[in-house]
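To start, the structure itself, in structure tokens.
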Amino acid sequence: MKKIVLLGASGSIGTQTLDVVAQHPELLACLAISVGTNISWLKDTLRTTSFELVCVQHEKEAILLRNEFKKIRFVSGDAGLLELAVLPEADMVVNALVGFVGLVPTLAAINAHKDIALANKETLVVAGELVIAECKKNNVNLFPIDSEHSAIFQCLQGNDSRCIKRLIITASGGSFRDRSREELRSVTVKEALSHPNWSMGAKITIDSATMVNKGFEVIEAHWLFDLPYEKIDVIMHKESIVHSMIEYIDSSVIAQMASPDMRLPIQYALLYPDRFSIDGAVSLDFTKIAELHFNEMSTTRFPLLKLVIEAGIKGGTMPAVVNAANEVAVAAFLKGQIHFLDIETVLQKTVERSIIKPIISITDCLEADAIARIIAAEIIQGG
């Protein structure tokens with residue numbers, strides 16, 4: 001029985017993780033969850049499913065929940081997240097948090113010798129060098145949940161990573177893949193949140209539309225698979241059937257394919273190396289698919305893809321700066337404070353105004369994040 005802690009339980013990845021756990025009660029148990037501010041979802045869930053420990057964002061809500069669910073222990077805030085991350089009874093921490101907030105709990109869990117199933121991109125984008133070093137130091141396994149990185153991980157099984165010629169990361173193109181840049185000037189939040197293939201949270205859906213998400217995945221792949229950036233390619237694949245590929249030095253290509261369903265990479269991360277059936281999973285019918293399309297990615301059409309990858313190549317605190325600016329800009333767009341294409345402007349100007357430093361410790365990441373958020377907010381306000 002593998003005992004897990006789930007950070008970010010009420011989001012898209014979190015709810016699908018709970019679905020996977022429920023399908024394998026003899027193999028998996030979820031001891032603790034965090035939910036942020038989604039209290040209505042939490043109450044509905046706690047009426048049918050019990051956990052030893054639950055973290056919410058605000059202490060006032062934790063107090064009310066303690067009175068209603070007396071058999072469950074409630075904690076709150078950043079301190080609560082850290083308590084979940086190092087829970088002694090747990091074997092694995094599933095990090096499905098969104099944003100920079102996921103970094104510190106990941107490092108805490110690693111230092112507590114917990115294996116990590118990682119959906120929180122920012123952990124590796126902002127502090128990949130530190131995270132991988134701590135995993136090695138503590139003999140901790142890091143399993144990717146992103147469909148692209150899970151695909152690469154699966155394609156590596158039984159093969160020598162030294163024989164990789166290149167990774168080929170596929171991109172659906174997001175909500176606006178068929179629109180010109182001129183058409184993007186007036187798109188709405190509702191339109192941006194309508195992804196053609198995947199059901200995801202709001203921020204990652206916007207990041208998919210700007211292609212920031214794909215740039216982050218290139219940085220993640222660099223750290224996860226210890227490959228230089230020149231060996232990582234991105235191509236457009238609208239169907240989201242081929243989740244990523246590896247070309248080996250003999251020019252053979254191995255691809256991982258499946259219908260879009262995030263439960264597959266989640267389950268593979270939780271139960272690796274074993275495979276099990278998934279209720280409701282849809283098998284591929286190649287006679288109905290008929291065609292798969294692949295196109296070159298345009299950094300003119302998606303300038304933030306280039307900016308993010310360049311941030312990864314430059315290293316130091318540059319990825320932390322880009323990530324912070326992106327979080328601020330996306331939040332502003334979702335609130336209707338800026339237009340869609342303004343996200344690009346905020347990121348570009350924040351990078352131009354930031355001082356990039358080497359990362360020696362987690363403090364460097366925290367400081368870079370805080371300063372970049374201030375700069376991005378000033379840019380949004382017209383400063």
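So you can find residues: chains in the structure tokens are A, B, ... in the order shown, residues in each start at 1, and ligands are numbered from 1 in order.
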For stretch 113-117 of chain A, work out the shell of residues within 6 Å, counting only C-alpha atoms and skipping chain neighbours fewer than 5 positions away, then give it as a PDB file with C-alpha atoms, in the first residue's frame.
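What follows is the written file out-v5.pdb:
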```
ATOM      1  CA  ASP A  91       5.523   7.569   1.030  1.00  0.00           C
ATOM      2  CA  MET A  92       4.871  10.054  -1.777  1.00  0.00           C
ATOM      3  CA  VAL A  93       3.811  13.664  -2.192  1.00  0.00           C
ATOM      4  CA  VAL A  94       1.754  14.520  -5.266  1.00  0.00           C
ATOM      5  CA  ASN A 138      18.193  12.333  -0.519  1.00  0.00           C
ATOM      6  CA  VAL A 140      14.320  10.528  -3.857  1.00  0.00           C
ATOM      7  CA  ASN A 141      12.457   9.547  -7.032  1.00  0.00           C
ATOM      8  CA  LEU A 142      10.873  12.347  -9.062  1.00  0.00           C
ATOM      9  CA  PHE A 143       8.039  11.129 -11.299  1.00  0.00           C
ATOM     10  CA  PRO A 144       6.595  13.529 -13.903  1.00  0.00           C
ATOM     11  CA  ALA A 269       3.572   8.210 -11.700  1.00  0.00           C
TER      12      ALA A 269
END
```
What's around stretch 315-320 of chain A at 10 Å? Count only C-alpha atoms, leave out sequence neighbours fewer than 6 positions away in its own chain, and write the answer as a PDB file with C-alpha atoms, in the first residue's frame.
```
ATOM      1  CA  PHE A 100       5.453  29.344  -7.401  1.00  0.00           C
ATOM      2  CA  GLU A 122       7.201  25.962 -11.416  1.00  0.00           C
ATOM      3  CA  THR A 123       9.204  23.719  -9.085  1.00  0.00           C
ATOM      4  CA  LEU A 124      11.619  22.771 -11.869  1.00  0.00           C
ATOM      5  CA  VAL A 125      11.270  25.953 -13.915  1.00  0.00           C
ATOM      6  CA  VAL A 126      12.329  28.199 -11.039  1.00  0.00           C
ATOM      7  CA  ALA A 127      14.755  25.956  -9.167  1.00  0.00           C
ATOM      8  CA  GLY A 128      15.489  22.905 -11.283  1.00  0.00           C
ATOM      9  CA  GLU A 129      19.161  22.791 -10.361  1.00  0.00           C
ATOM     10  CA  PHE A 216       8.184  25.757 -19.182  1.00  0.00           C
ATOM     11  CA  ILE A 219      12.911  23.786 -19.087  1.00  0.00           C
ATOM     12  CA  LEU A 307      11.431  34.104 -24.423  1.00  0.00           C
ATOM     13  CA  VAL A 308      10.840  31.317 -21.890  1.00  0.00           C
ATOM     14  CA  ILE A 309      13.313  28.907 -23.495  1.00  0.00           C
ATOM     15  CA  ASN A 326       3.701  35.395 -15.990  1.00  0.00           C
ATOM     16  CA  VAL A 351      12.817  40.636 -18.032  1.00  0.00           C
ATOM     17  CA  SER A 354      15.332  42.644 -13.890  1.00  0.00           C
ATOM     18  CA  ILE A 355      18.825  41.894 -12.629  1.00  0.00           C
ATOM     19  CA  ILE A 356      19.663  38.235 -13.105  1.00  0.00           C
ATOM     20  CA  LYS A 357      21.753  36.502 -10.462  1.00  0.00           C
ATOM     21  CA  PRO A 358      23.075  32.967  -9.966  1.00  0.00           C
ATOM     22  CA  ILE A 359      21.044  30.654  -7.736  1.00  0.00           C
ATOM     23  CA  ILE A 360      22.995  29.620  -4.647  1.00  0.00           C
ATOM     24  CA  ASP A 364      17.772  33.600  -4.338  1.00  0.00           C
ATOM     25  CA  CYS A 365      14.633  32.176  -5.968  1.00  0.00           C
ATOM     26  CA  LEU A 366      12.347  33.729  -3.364  1.00  0.00           C
ATOM     27  CA  GLU A 367      13.938  37.160  -3.710  1.00  0.00           C
ATOM     28  CA  ALA A 368      13.864  37.092  -7.516  1.00  0.00           C
ATOM     29  CA  ASP A 369      10.219  36.045  -7.457  1.00  0.00           C
ATOM     30  CA  ALA A 370       9.221  38.827  -5.055  1.00  0.00           C
ATOM     31  CA  ALA A 372       9.746  40.426 -10.359  1.00  0.00           C
TER      32      ALA A 372
END
```
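The shortest atom-to-atom distance to A:Lys314, with only C-alpha atoms taken into account, belongs to A:Tyr229 out of A:Val86, A:Gln23, A:Ile152, A:Tyr229.
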Can you tell me which residues surround A:Ile289 at a distance of at most 12 Å, considering only C-alpha atoms, apart from same-chain residues fewer than 4 positions away, and format the answer as a PyMOL selection string?
chain A and resi 239-242+258-259+283-285+293
